[in-house]
file start.pdb (PDB, C-alpha atoms)
ATOM      1  CA  ILE V 808     -17.854  34.467 -54.989  1.00  0.00           C
ATOM      2  CA  TYR V 809     -18.247  34.140 -58.744  1.00  0.00           C
ATOM      3  CA  TYR V 810     -14.501  34.312 -59.390  1.00  0.00           C
ATOM      4  CA  TYR V 811     -13.649  31.503 -56.942  1.00  0.00           C
ATOM      5  CA  PHE V 812     -16.799  29.388 -56.866  1.00  0.00           C
ATOM      6  CA  GLY V 813     -18.716  30.245 -60.038  1.00  0.00           C
ATOM      7  CA  SER V 814     -21.989  30.926 -58.229  1.00  0.00           C
ATOM      8  CA  LYS V 815     -23.663  31.050 -54.829  1.00  0.00           C
ATOM      9  CA  GLU V 816     -24.508  27.400 -55.314  1.00  0.00           C
ATOM     10  CA  GLY V 817     -20.830  26.672 -55.969  1.00  0.00           C
ATOM     11  CA  LEU V 818     -19.920  28.376 -52.695  1.00  0.00           C
ATOM     12  CA  TYR V 819     -22.595  26.394 -50.845  1.00  0.00           C
ATOM     13  CA  LEU V 820     -21.299  23.138 -52.311  1.00  0.00           C
ATOM     14  CA  ALA V 821     -17.707  24.027 -51.389  1.00  0.00           C
ATOM     15  CA  VAL V 822     -18.739  24.730 -47.785  1.00  0.00           C
ATOM     16  CA  LEU V 823     -20.746  21.500 -47.636  1.00  0.00           C
ATOM     17  CA  GLU V 824     -17.845  19.461 -49.030  1.00  0.00           C
ATOM     18  CA  GLU V 825     -15.351  21.048 -46.644  1.00  0.00           C
ATOM     19  CA  SER V 826     -17.627  20.397 -43.667  1.00  0.00           C
ATOM     20  CA  TYR V 827     -17.879  16.719 -44.517  1.00  0.00           C
ATOM     21  CA  ARG V 828     -14.161  16.509 -45.258  1.00  0.00           C
ATOM     22  CA  GLN V 829     -13.331  17.914 -41.820  1.00  0.00           C
ATOM     23  CA  VAL V 830     -15.552  15.493 -39.900  1.00  0.00           C
ATOM     24  CA  ARG V 831     -14.335  12.482 -41.882  1.00  0.00           C
ATOM     25  CA  GLU V 832     -10.693  13.533 -41.470  1.00  0.00           C
ATOM     26  CA  ILE V 833     -11.049  13.677 -37.692  1.00  0.00           C
ATOM     27  CA  GLU V 834     -12.924  10.348 -37.667  1.00  0.00           C
ATOM     28  CA  ALA V 835     -10.037   8.741 -39.534  1.00  0.00           C
ATOM     29  CA  ASP V 836      -7.694   9.798 -36.696  1.00  0.00           C
ATOM     30  CA  LEU V 837      -9.752   8.037 -33.995  1.00  0.00           C
ATOM     31  CA  ARG V 838      -7.620   4.871 -34.387  1.00  0.00           C
ATOM     32  CA  LEU V 839     -10.616   2.607 -33.892  1.00  0.00           C
ATOM     33  CA  ASP V 840      -8.695  -0.433 -35.143  1.00  0.00           C
ATOM     34  CA  ASP V 841      -6.315  -0.097 -32.172  1.00  0.00           C
ATOM     35  CA  LEU V 842      -9.101  -0.597 -29.603  1.00  0.00           C
ATOM     36  CA  GLU V 843     -11.219  -3.521 -28.514  1.00  0.00           C
ATOM     37  CA  PRO V 844     -14.542  -3.456 -30.416  1.00  0.00           C
ATOM     38  CA  GLU V 845     -16.737  -2.098 -27.612  1.00  0.00           C
ATOM     39  CA  ALA V 846     -14.175   0.554 -26.638  1.00  0.00           C
ATOM     40  CA  ALA V 847     -13.842   1.552 -30.299  1.00  0.00           C
ATOM     41  CA  LEU V 848     -17.624   1.817 -30.637  1.00  0.00           C
ATOM     42  CA  ARG V 849     -17.793   3.969 -27.521  1.00  0.00           C
ATOM     43  CA  ARG V 850     -15.073   6.243 -28.914  1.00  0.00           C
ATOM     44  CA  LEU V 851     -16.868   6.605 -32.251  1.00  0.00           C
ATOM     45  CA  VAL V 852     -20.222   7.424 -30.664  1.00  0.00           C
ATOM     46  CA  ALA V 853     -18.646   9.877 -28.202  1.00  0.00           C
ATOM     47  CA  PHE V 854     -16.776  11.588 -31.039  1.00  0.00           C
ATOM     48  CA  THR V 855     -19.935  11.904 -33.145  1.00  0.00           C
ATOM     49  CA  PHE V 856     -21.951  13.268 -30.235  1.00  0.00           C
ATOM     50  CA  ASP V 857     -19.227  15.768 -29.300  1.00  0.00           C
ATOM     51  CA  HIS V 858     -18.572  16.836 -32.892  1.00  0.00           C
ATOM     52  CA  HIS V 859     -22.218  17.560 -33.553  1.00  0.00           C
ATOM     53  CA  LEU V 860     -22.546  19.458 -30.292  1.00  0.00           C
ATOM     54  CA  GLN V 861     -19.452  21.564 -31.025  1.00  0.00           C
ATOM     55  CA  HIS V 862     -20.258  22.179 -34.709  1.00  0.00           C
ATOM     56  CA  GLU V 863     -23.792  23.500 -34.793  1.00  0.00           C
ATOM     57  CA  ASN V 864     -23.170  25.002 -38.236  1.00  0.00           C
ATOM     58  CA  PHE V 865     -22.505  21.514 -39.597  1.00  0.00           C
ATOM     59  CA  ILE V 866     -25.917  20.441 -38.292  1.00  0.00           C
ATOM     60  CA  ARG V 867     -27.520  23.488 -39.901  1.00  0.00           C
ATOM     61  CA  LEU V 868     -25.855  22.673 -43.226  1.00  0.00           C
ATOM     62  CA  VAL V 869     -27.115  19.098 -43.097  1.00  0.00           C
ATOM     63  CA  MET V 870     -30.605  20.320 -42.202  1.00  0.00           C
ATOM     64  CA  SER V 871     -30.528  22.770 -45.120  1.00  0.00           C
ATOM     65  CA  GLU V 872     -29.368  20.042 -47.461  1.00  0.00           C
ATOM     66  CA  ASN V 873     -32.261  17.877 -46.311  1.00  0.00           C
ATOM     67  CA  ILE V 874     -34.686  20.714 -47.030  1.00  0.00           C
ATOM     68  CA  LEU V 875     -33.138  20.747 -50.522  1.00  0.00           C
ATOM     69  CA  ARG V 876     -33.751  16.969 -50.694  1.00  0.00           C
ATOM     70  CA  GLY V 877     -30.019  16.213 -50.812  1.00  0.00           C
ATOM     71  CA  GLN V 878     -29.534  17.669 -54.291  1.00  0.00           C
ATOM     72  CA  TYR V 879     -26.018  19.012 -53.669  1.00  0.00           C
ATOM     73  CA  ILE V 880     -24.780  15.937 -51.813  1.00  0.00           C
ATOM     74  CA  ALA V 881     -26.141  13.773 -54.628  1.00  0.00           C
ATOM     75  CA  ALA V 882     -24.160  15.857 -57.114  1.00  0.00           C
ATOM     76  CA  SER V 883     -20.951  15.861 -55.072  1.00  0.00           C
ATOM     77  CA  ARG V 884     -18.655  12.971 -55.851  1.00  0.00           C
ATOM     78  CA  SER V 885     -16.218  14.113 -53.154  1.00  0.00           C
ATOM     79  CA  ILE V 886     -18.800  13.908 -50.341  1.00  0.00           C
ATOM     80  CA  GLN V 887     -19.858  10.465 -51.486  1.00  0.00           C
ATOM     81  CA  ASP V 888     -16.210   9.349 -51.653  1.00  0.00           C
ATOM     82  CA  LEU V 889     -15.548  10.771 -48.168  1.00  0.00           C
ATOM     83  CA  ASN V 890     -18.180   8.504 -46.669  1.00  0.00           C
ATOM     84  CA  VAL V 891     -16.702   5.275 -48.038  1.00  0.00           C
ATOM     85  CA  PRO V 892     -13.887   5.117 -45.424  1.00  0.00           C
ATOM     86  CA  ALA V 893     -16.313   6.041 -42.625  1.00  0.00           C
ATOM     87  CA  ILE V 894     -18.570   3.101 -43.448  1.00  0.00           C
ATOM     88  CA  ALA V 895     -15.551   0.821 -44.001  1.00  0.00           C
ATOM     89  CA  ALA V 896     -14.306   1.698 -40.493  1.00  0.00           C
ATOM     90  CA  ILE V 897     -17.680   0.717 -39.024  1.00  0.00           C
ATOM     91  CA  GLU V 898     -17.674  -2.498 -41.082  1.00  0.00           C
ATOM     92  CA  ARG V 899     -14.234  -3.432 -39.697  1.00  0.00           C
ATOM     93  CA  LEU V 900     -15.259  -2.524 -36.157  1.00  0.00           C
ATOM     94  CA  TYR V 901     -18.462  -4.538 -36.423  1.00  0.00           C
ATOM     95  CA  ALA V 902     -16.671  -7.534 -37.975  1.00  0.00           C
ATOM     96  CA  ARG V 903     -14.136  -7.550 -35.137  1.00  0.00           C
ATOM     97  CA  GLY V 904     -16.959  -7.391 -32.606  1.00  0.00           C
ATOM     98  CA  LEU V 905     -18.758 -10.277 -34.307  1.00  0.00           C
ATOM     99  CA  ALA V 906     -15.595 -12.373 -34.420  1.00  0.00           C
ATOM    100  CA  SER V 907     -14.954 -11.823 -30.711  1.00  0.00           C
ATOM    101  CA  GLY V 908     -18.592 -12.507 -29.797  1.00  0.00           C
ATOM    102  CA  VAL V 909     -19.134  -8.998 -28.412  1.00  0.00           C
ATOM    103  CA  PHE V 910     -21.641  -7.857 -31.070  1.00  0.00           C
ATOM    104  CA  ARG V 911     -24.798  -9.584 -32.268  1.00  0.00           C
ATOM    105  CA  PRO V 912     -25.097 -10.701 -35.884  1.00  0.00           C
ATOM    106  CA  GLY V 913     -27.435  -9.309 -38.525  1.00  0.00           C
ATOM    107  CA  LEU V 914     -26.581  -5.612 -38.470  1.00  0.00           C
ATOM    108  CA  ASP V 915     -25.480  -3.360 -41.307  1.00  0.00           C
ATOM    109  CA  ALA V 916     -22.723  -0.737 -41.138  1.00  0.00           C
ATOM    110  CA  VAL V 917     -24.855   1.957 -42.789  1.00  0.00           C
ATOM    111  CA  ASP V 918     -27.677   1.269 -40.313  1.00  0.00           C
ATOM    112  CA  ILE V 919     -25.229   1.482 -37.408  1.00  0.00           C
ATOM    113  CA  HIS V 920     -23.922   4.778 -38.796  1.00  0.00           C
ATOM    114  CA  ALA V 921     -27.480   6.090 -39.218  1.00  0.00           C
ATOM    115  CA  SER V 922     -28.339   5.219 -35.621  1.00  0.00           C
ATOM    116  CA  ILE V 923     -25.231   6.928 -34.241  1.00  0.00           C
ATOM    117  CA  SER V 924     -25.892   9.990 -36.392  1.00  0.00           C
ATOM    118  CA  ALA V 925     -29.577  10.190 -35.488  1.00  0.00           C
ATOM    119  CA  LEU V 926     -28.993   9.965 -31.749  1.00  0.00           C
ATOM    120  CA  SER V 927     -26.203  12.558 -31.913  1.00  0.00           C
ATOM    121  CA  PHE V 928     -27.863  14.912 -34.400  1.00  0.00           C
ATOM    122  CA  PHE V 929     -31.115  15.273 -32.475  1.00  0.00           C
ATOM    123  CA  ASN V 930     -29.361  16.819 -29.471  1.00  0.00           C
ATOM    124  CA  VAL V 931     -28.404  19.818 -31.579  1.00  0.00           C
ATOM    125  CA  SER V 932     -31.148  20.029 -34.193  1.00  0.00           C
ATOM    126  CA  ASN V 933     -34.008  19.788 -31.696  1.00  0.00           C
ATOM    127  CA  ARG V 934     -32.483  21.134 -28.515  1.00  0.00           C
ATOM    128  CA  HIS V 935     -34.557  24.324 -28.375  1.00  0.00           C
ATOM    129  CA  THR V 936     -37.935  22.760 -29.106  1.00  0.00           C
ATOM    130  CA  PHE V 937     -37.272  19.724 -26.914  1.00  0.00           C
ATOM    131  CA  GLY V 938     -36.087  21.929 -24.069  1.00  0.00           C
ATOM    132  CA  ALA V 939     -39.117  24.204 -24.337  1.00  0.00           C
ATOM    133  CA  LEU V 940     -41.593  21.321 -24.530  1.00  0.00           C
ATOM    134  CA  PHE V 941     -40.203  19.479 -21.522  1.00  0.00           C
ATOM    135  CA  LYS V 942     -38.903  22.453 -19.523  1.00  0.00           C
ATOM    136  CA  LEU V 943     -35.294  21.263 -19.758  1.00  0.00           C
ATOM    137  CA  ASP V 944     -32.092  23.272 -19.877  1.00  0.00           C
ATOM    138  CA  THR V 945     -30.599  21.370 -22.799  1.00  0.00           C
ATOM    139  CA  ALA V 946     -27.475  23.552 -22.663  1.00  0.00           C
ATOM    140  CA  ALA V 947     -26.692  22.607 -19.047  1.00  0.00           C
ATOM    141  CA  THR V 948     -23.450  20.695 -18.579  1.00  0.00           C
ATOM    142  CA  ALA V 949     -25.143  17.991 -16.498  1.00  0.00           C
ATOM    143  CA  TYR V 950     -27.904  17.512 -19.085  1.00  0.00           C
ATOM    144  CA  ILE V 951     -25.396  17.217 -21.946  1.00  0.00           C
ATOM    145  CA  ALA V 952     -23.198  14.757 -20.013  1.00  0.00           C
ATOM    146  CA  HIS V 953     -26.234  12.608 -19.203  1.00  0.00           C
ATOM    147  CA  ARG V 954     -27.439  12.644 -22.827  1.00  0.00           C
ATOM    148  CA  ARG V 955     -23.944  11.794 -24.084  1.00  0.00           C
ATOM    149  CA  ASP V 956     -23.686   8.814 -21.723  1.00  0.00           C
ATOM    150  CA  SER V 957     -27.207   7.689 -22.655  1.00  0.00           C
ATOM    151  CA  VAL V 958     -26.517   7.856 -26.390  1.00  0.00           C
ATOM    152  CA  ILE V 959     -23.274   5.885 -26.037  1.00  0.00           C
ATOM    153  CA  ASP V 960     -25.025   3.294 -23.884  1.00  0.00           C
ATOM    154  CA  MET V 961     -27.968   2.956 -26.311  1.00  0.00           C
ATOM    155  CA  VAL V 962     -25.714   2.282 -29.282  1.00  0.00           C
ATOM    156  CA  VAL V 963     -23.520  -0.178 -27.376  1.00  0.00           C
ATOM    157  CA  ARG V 964     -26.582  -2.073 -26.113  1.00  0.00           C
ATOM    158  CA  PHE V 965     -28.017  -2.128 -29.647  1.00  0.00           C
ATOM    159  CA  LEU V 966     -24.902  -3.861 -30.970  1.00  0.00           C
ATOM    160  CA  ARG V 967     -24.025  -6.000 -27.953  1.00  0.00           C
ATOM    161  CA  ALA V 968     -24.548  -9.752 -28.200  1.00  0.00           C
ATOM    162  CA  PRO V 969     -27.158 -11.152 -25.792  1.00  0.00           C
TER     163      PRO V 969
END
call {"tool": "encode", "arguments": {"input": "start.pdb", "output": "structure tokens"}}
result
Amino acid sequence: IYYYFGSKEGLYLAVLEESYRQVREIEADLRLDDLEPEAALRRLVAFTFDHHLQHENFIRLVMSENILRGQYIAASRSIQDLNVPAIAAIERLYARGLASGVFRPGLDAVDIHASISALSFFNVSNRHTFGALFKLDTAATAYIAHRRDSVIDMVVRFLRAP
């Protein structure tokens, strides 16, 4: 660890940076600019939901970093740089939706990103407590499919023009 990363903290930061790099790399391959705005939004939300569900360790890392008050992310230039294209993609998508009259005005790309992340993140971070509280099998295929559809629909309705 010390030879390659300098410290345990260096290893943690390397894992955190690689986790963000992987998710942003896959996002960049979604080809959102090739789709109509609503279809592109649906693809982005579905990807985020599926990625979080399939990468529970990513969710744990983000939760740990929040417990640490974001100190490593704040110190990592590479993680901050990785998020610039992700927000730019949402800005382009939103602008196209505004121009075509599909999306309502007055929204912010970072807020849209936060909403997508929050709705997707919760399904992994809180699945055990939520399932226990409401007697739900949150790992059941039907439950996950319903939640996925609901999350996509919520985000689309949030952006959709009246």
call {"tool": "resolve_selection", "arguments": {"input": "start.pdb", "expression": "the PyMOL selection byres ((chain V and resi 888-903) around 7)", "output": "ChimeraX atom specification"}}
result
/V:828,831,840,844,884-887,904-907,916-917
call {"tool": "closest_residue", "arguments": {"input": "start.pdb", "among": "V:Val963, V:Leu868, V:Ala882, V:Ala949", "to": "Arg850 (chain V)", "atoms": "all atoms listed in the file"}}
result
V:Val963
call {"tool": "atom_distance", "arguments": {"input": "start.pdb", "atom1": "CA of Glu824 (chain V)", "atom2": "CA of Ser924 (chain V)"}}
result
17.7 Å
call {"tool": "residues_around", "arguments": {"input": "start.pdb", "residues": "Leu823 (chain V)", "least_positions_apart": "6", "cutoff": "12 Å", "atoms": "only C-alpha atoms", "output": "NGL selection string"}}
result
:V and (816-817 or 829-830 or 864-872 or 877-883 or 885-887 or 889)
call {"tool": "atom_distance", "arguments": {"input": "start.pdb", "atom1": "CA of Arg911 (chain V)", "atom2": "CA of Arg967 (chain V)"}}
result
5.7 Å
call {"tool": "closest_residue", "arguments": {"input": "start.pdb", "among": "V:Leu860, V:Ala821, V:Ala968, V:Met961", "to": "Ala946 (chain V)", "atoms": "only C-alpha atoms"}}
result
V:Leu860
call {"tool": "resolve_selection", "arguments": {"input": "start.pdb", "expression": "the PyMOL selection byres ((chain V and resi 932) around 10)", "output": "VMD selection string"}}
result
chain V and resid 859 to 860 863 866 to 867 869 to 870 927 to 931 933 to 937
call {"tool": "closest_residue", "arguments": {"input": "start.pdb", "among": "V:Ile833, V:Leu940, V:Ala853, V:Leu966", "to": "Asp915 (chain V)", "atoms": "only C-alpha atoms"}}
result
V:Leu966
call {"tool": "residues_around", "arguments": {"input": "start.pdb", "residues": "region 957-960 of chain V", "least_positions_apart": "4", "cutoff": "9 Å", "atoms": "all atoms listed in the file", "output": "PDB file with C-alpha atoms, in the frame of the given file"}}
result
ATOM      1  CA  LEU V 848     -17.624   1.817 -30.637  1.00  0.00           C
ATOM      2  CA  ARG V 849     -17.793   3.969 -27.521  1.00  0.00           C
ATOM      3  CA  ARG V 850     -15.073   6.243 -28.914  1.00  0.00           C
ATOM      4  CA  LEU V 851     -16.868   6.605 -32.251  1.00  0.00           C
ATOM      5  CA  VAL V 852     -20.222   7.424 -30.664  1.00  0.00           C
ATOM      6  CA  ALA V 853     -18.646   9.877 -28.202  1.00  0.00           C
ATOM      7  CA  PHE V 856     -21.951  13.268 -30.235  1.00  0.00           C
ATOM      8  CA  ILE V 923     -25.231   6.928 -34.241  1.00  0.00           C
ATOM      9  CA  LEU V 926     -28.993   9.965 -31.749  1.00  0.00           C
ATOM     10  CA  SER V 927     -26.203  12.558 -31.913  1.00  0.00           C
ATOM     11  CA  ALA V 952     -23.198  14.757 -20.013  1.00  0.00           C
ATOM     12  CA  HIS V 953     -26.234  12.608 -19.203  1.00  0.00           C
ATOM     13  CA  ARG V 964     -26.582  -2.073 -26.113  1.00  0.00           C
ATOM     14  CA  PHE V 965     -28.017  -2.128 -29.647  1.00  0.00           C
TER      15      PHE V 965
END
call {"tool": "axis_aligned_box", "arguments": {"input": "start.pdb", "around": "region 850-869 of chain V", "padding_each_side": "3 Å", "output": "lines of an AutoDock Vina configuration file"}}
result
center_x = -21.3
center_y = 15.6
center_z = -35.7
size_x = 18.4
size_y = 24.8
size_z = 21.0
call {"tool": "atom_distance", "arguments": {"input": "start.pdb", "atom1": "CA of Thr945 (chain V)", "atom2": "CA of Asn873 (chain V)"}}
result
23.8 Å
call {"tool": "closest_residue", "arguments": {"input": "start.pdb", "among": "V:Asp857, V:Asp918, V:Asp841, V:Glu834", "to": "Val962 (chain V)", "atoms": "only C-alpha atoms"}}
result
V:Asp918
call {"tool": "closest_residue", "arguments": {"input": "start.pdb", "among": "V:Arg876, V:Lys815, V:Ala846, V:Pro969", "to": "Gly908 (chain V)", "atoms": "all atoms listed in the file"}}
result
V:Pro969
call {"tool": "decode", "arguments": {"input": "start.pdb", "residues": "region 849-861 of chain V", "atoms": "all heavy atoms", "output": "PDB file, in the first residue's frame"}}
result
ATOM      1  N   ARG V 849     -34.653   9.758 -20.156  1.00  0.00           N
ATOM      2  CA  ARG V 849     -35.019   8.419 -19.683  1.00  0.00           C
ATOM      3  C   ARG V 849     -33.805   7.496 -19.651  1.00  0.00           C
ATOM      4  O   ARG V 849     -33.620   6.733 -18.696  1.00  0.00           O
ATOM      5  CB  ARG V 849     -36.122   7.826 -20.556  1.00  0.00           C
ATOM      6  CG  ARG V 849     -37.474   8.452 -20.341  1.00  0.00           C
ATOM      7  CD  ARG V 849     -38.557   7.851 -21.241  1.00  0.00           C
ATOM      8  NE  ARG V 849     -39.829   8.486 -20.983  1.00  0.00           N
ATOM      9  CZ  ARG V 849     -40.629   8.177 -19.963  1.00  0.00           C
ATOM     10  NH1 ARG V 849     -40.300   7.223 -19.128  1.00  0.00           N
ATOM     11  NH2 ARG V 849     -41.770   8.814 -19.798  1.00  0.00           N
ATOM     12  N   ARG V 850     -32.976   7.557 -20.677  1.00  0.00           N
ATOM     13  CA  ARG V 850     -31.775   6.715 -20.724  1.00  0.00           C
ATOM     14  C   ARG V 850     -30.820   7.064 -19.588  1.00  0.00           C
ATOM     15  O   ARG V 850     -30.276   6.183 -18.926  1.00  0.00           O
ATOM     16  CB  ARG V 850     -31.059   6.847 -22.062  1.00  0.00           C
ATOM     17  CG  ARG V 850     -29.784   5.975 -22.118  1.00  0.00           C
ATOM     18  CD  ARG V 850     -29.078   6.042 -23.431  1.00  0.00           C
ATOM     19  NE  ARG V 850     -29.805   5.238 -24.412  1.00  0.00           N
ATOM     20  CZ  ARG V 850     -29.449   5.133 -25.679  1.00  0.00           C
ATOM     21  NH1 ARG V 850     -28.396   5.789 -26.143  1.00  0.00           N
ATOM     22  NH2 ARG V 850     -30.145   4.384 -26.501  1.00  0.00           N
ATOM     23  N   LEU V 851     -30.629   8.350 -19.342  1.00  0.00           N
ATOM     24  CA  LEU V 851     -29.722   8.777 -18.272  1.00  0.00           C
ATOM     25  C   LEU V 851     -30.221   8.328 -16.903  1.00  0.00           C
ATOM     26  O   LEU V 851     -29.453   7.810 -16.092  1.00  0.00           O
ATOM     27  CB  LEU V 851     -29.554  10.298 -18.300  1.00  0.00           C
ATOM     28  CG  LEU V 851     -28.685  10.888 -17.192  1.00  0.00           C
ATOM     29  CD1 LEU V 851     -27.260  10.351 -17.263  1.00  0.00           C
ATOM     30  CD2 LEU V 851     -28.708  12.413 -17.274  1.00  0.00           C
ATOM     31  N   VAL V 852     -31.494   8.511 -16.644  1.00  0.00           N
ATOM     32  CA  VAL V 852     -32.052   8.113 -15.344  1.00  0.00           C
ATOM     33  C   VAL V 852     -31.986   6.598 -15.182  1.00  0.00           C
ATOM     34  O   VAL V 852     -31.585   6.098 -14.126  1.00  0.00           O
ATOM     35  CB  VAL V 852     -33.495   8.626 -15.166  1.00  0.00           C
ATOM     36  CG1 VAL V 852     -34.097   8.130 -13.849  1.00  0.00           C
ATOM     37  CG2 VAL V 852     -33.541  10.147 -15.227  1.00  0.00           C
ATOM     38  N   ALA V 853     -32.345   5.856 -16.227  1.00  0.00           N
ATOM     39  CA  ALA V 853     -32.286   4.392 -16.161  1.00  0.00           C
ATOM     40  C   ALA V 853     -30.862   3.924 -15.912  1.00  0.00           C
ATOM     41  O   ALA V 853     -30.620   3.039 -15.084  1.00  0.00           O
ATOM     42  CB  ALA V 853     -32.827   3.784 -17.450  1.00  0.00           C
ATOM     43  N   PHE V 854     -29.897   4.528 -16.612  1.00  0.00           N
ATOM     44  CA  PHE V 854     -28.496   4.164 -16.397  1.00  0.00           C
ATOM     45  C   PHE V 854     -28.091   4.405 -14.949  1.00  0.00           C
ATOM     46  O   PHE V 854     -27.466   3.551 -14.318  1.00  0.00           O
ATOM     47  CB  PHE V 854     -27.561   4.951 -17.325  1.00  0.00           C
ATOM     48  CG  PHE V 854     -26.149   4.917 -16.832  1.00  0.00           C
ATOM     49  CD1 PHE V 854     -25.375   3.772 -16.983  1.00  0.00           C
ATOM     50  CD2 PHE V 854     -25.613   5.991 -16.142  1.00  0.00           C
ATOM     51  CE1 PHE V 854     -24.082   3.715 -16.465  1.00  0.00           C
ATOM     52  CE2 PHE V 854     -24.327   5.945 -15.630  1.00  0.00           C
ATOM     53  CZ  PHE V 854     -23.558   4.802 -15.796  1.00  0.00           C
ATOM     54  N   THR V 855     -28.418   5.582 -14.421  1.00  0.00           N
ATOM     55  CA  THR V 855     -28.020   5.924 -13.052  1.00  0.00           C
ATOM     56  C   THR V 855     -28.641   4.953 -12.055  1.00  0.00           C
ATOM     57  O   THR V 855     -27.955   4.448 -11.158  1.00  0.00           O
ATOM     58  CB  THR V 855     -28.415   7.378 -12.717  1.00  0.00           C
ATOM     59  OG1 THR V 855     -27.851   8.248 -13.705  1.00  0.00           O
ATOM     60  CG2 THR V 855     -27.924   7.777 -11.340  1.00  0.00           C
ATOM     61  N   PHE V 856     -29.922   4.680 -12.218  1.00  0.00           N
ATOM     62  CA  PHE V 856     -30.602   3.739 -11.334  1.00  0.00           C
ATOM     63  C   PHE V 856     -29.924   2.370 -11.400  1.00  0.00           C
ATOM     64  O   PHE V 856     -29.587   1.777 -10.368  1.00  0.00           O
ATOM     65  CB  PHE V 856     -32.078   3.627 -11.739  1.00  0.00           C
ATOM     66  CG  PHE V 856     -32.897   2.778 -10.807  1.00  0.00           C
ATOM     67  CD1 PHE V 856     -33.596   3.357  -9.766  1.00  0.00           C
ATOM     68  CD2 PHE V 856     -32.960   1.399 -10.969  1.00  0.00           C
ATOM     69  CE1 PHE V 856     -34.351   2.575  -8.888  1.00  0.00           C
ATOM     70  CE2 PHE V 856     -33.707   0.611 -10.104  1.00  0.00           C
ATOM     71  CZ  PHE V 856     -34.403   1.205  -9.067  1.00  0.00           C
ATOM     72  N   ASP V 857     -29.713   1.868 -12.609  1.00  0.00           N
ATOM     73  CA  ASP V 857     -29.113   0.543 -12.789  1.00  0.00           C
ATOM     74  C   ASP V 857     -27.681   0.497 -12.269  1.00  0.00           C
ATOM     75  O   ASP V 857     -27.276  -0.474 -11.625  1.00  0.00           O
ATOM     76  CB  ASP V 857     -29.141   0.128 -14.258  1.00  0.00           C
ATOM     77  CG  ASP V 857     -30.546  -0.073 -14.790  1.00  0.00           C
ATOM     78  OD1 ASP V 857     -31.503  -0.206 -13.983  1.00  0.00           O
ATOM     79  OD2 ASP V 857     -30.692  -0.080 -16.037  1.00  0.00           O
ATOM     80  N   HIS V 858     -26.915   1.531 -12.556  1.00  0.00           N
ATOM     81  CA  HIS V 858     -25.514   1.560 -12.092  1.00  0.00           C
ATOM     82  C   HIS V 858     -25.462   1.498 -10.576  1.00  0.00           C
ATOM     83  O   HIS V 858     -24.688   0.717 -10.008  1.00  0.00           O
ATOM     84  CB  HIS V 858     -24.789   2.810 -12.580  1.00  0.00           C
ATOM     85  CG  HIS V 858     -23.397   2.892 -12.056  1.00  0.00           C
ATOM     86  ND1 HIS V 858     -23.106   3.461 -10.833  1.00  0.00           N
ATOM     87  CD2 HIS V 858     -22.229   2.425 -12.542  1.00  0.00           C
ATOM     88  CE1 HIS V 858     -21.812   3.356 -10.605  1.00  0.00           C
ATOM     89  NE2 HIS V 858     -21.252   2.735 -11.625  1.00  0.00           N
ATOM     90  N   HIS V 859     -26.243   2.308  -9.921  1.00  0.00           N
ATOM     91  CA  HIS V 859     -26.220   2.312  -8.459  1.00  0.00           C
ATOM     92  C   HIS V 859     -26.632   0.948  -7.907  1.00  0.00           C
ATOM     93  O   HIS V 859     -26.012   0.452  -6.970  1.00  0.00           O
ATOM     94  CB  HIS V 859     -27.126   3.409  -7.908  1.00  0.00           C
ATOM     95  CG  HIS V 859     -26.582   4.791  -8.097  1.00  0.00           C
ATOM     96  ND1 HIS V 859     -25.398   5.077  -8.730  1.00  0.00           N
ATOM     97  CD2 HIS V 859     -27.085   5.988  -7.733  1.00  0.00           C
ATOM     98  CE1 HIS V 859     -25.181   6.365  -8.728  1.00  0.00           C
ATOM     99  NE2 HIS V 859     -26.200   6.952  -8.132  1.00  0.00           N
ATOM    100  N   LEU V 860     -27.659   0.374  -8.500  1.00  0.00           N
ATOM    101  CA  LEU V 860     -28.136  -0.928  -8.047  1.00  0.00           C
ATOM    102  C   LEU V 860     -27.069  -2.015  -8.221  1.00  0.00           C
ATOM    103  O   LEU V 860     -26.891  -2.879  -7.368  1.00  0.00           O
ATOM    104  CB  LEU V 860     -29.402  -1.306  -8.823  1.00  0.00           C
ATOM    105  CG  LEU V 860     -30.204  -2.480  -8.310  1.00  0.00           C
ATOM    106  CD1 LEU V 860     -30.778  -2.172  -6.930  1.00  0.00           C
ATOM    107  CD2 LEU V 860     -31.324  -2.807  -9.283  1.00  0.00           C
ATOM    108  N   GLN V 861     -26.327  -1.948  -9.310  1.00  0.00           N
ATOM    109  CA  GLN V 861     -25.332  -2.971  -9.632  1.00  0.00           C
ATOM    110  C   GLN V 861     -23.963  -2.705  -9.010  1.00  0.00           C
ATOM    111  O   GLN V 861     -23.083  -3.569  -9.071  1.00  0.00           O
ATOM    112  CB  GLN V 861     -25.187  -3.086 -11.150  1.00  0.00           C
ATOM    113  CG  GLN V 861     -26.440  -3.577 -11.827  1.00  0.00           C
ATOM    114  CD  GLN V 861     -26.454  -3.286 -13.320  1.00  0.00           C
ATOM    115  OE1 GLN V 861     -25.481  -2.827 -13.889  1.00  0.00           O
ATOM    116  NE2 GLN V 861     -27.587  -3.556 -13.955  1.00  0.00           N
TER     117      GLN V 861
END
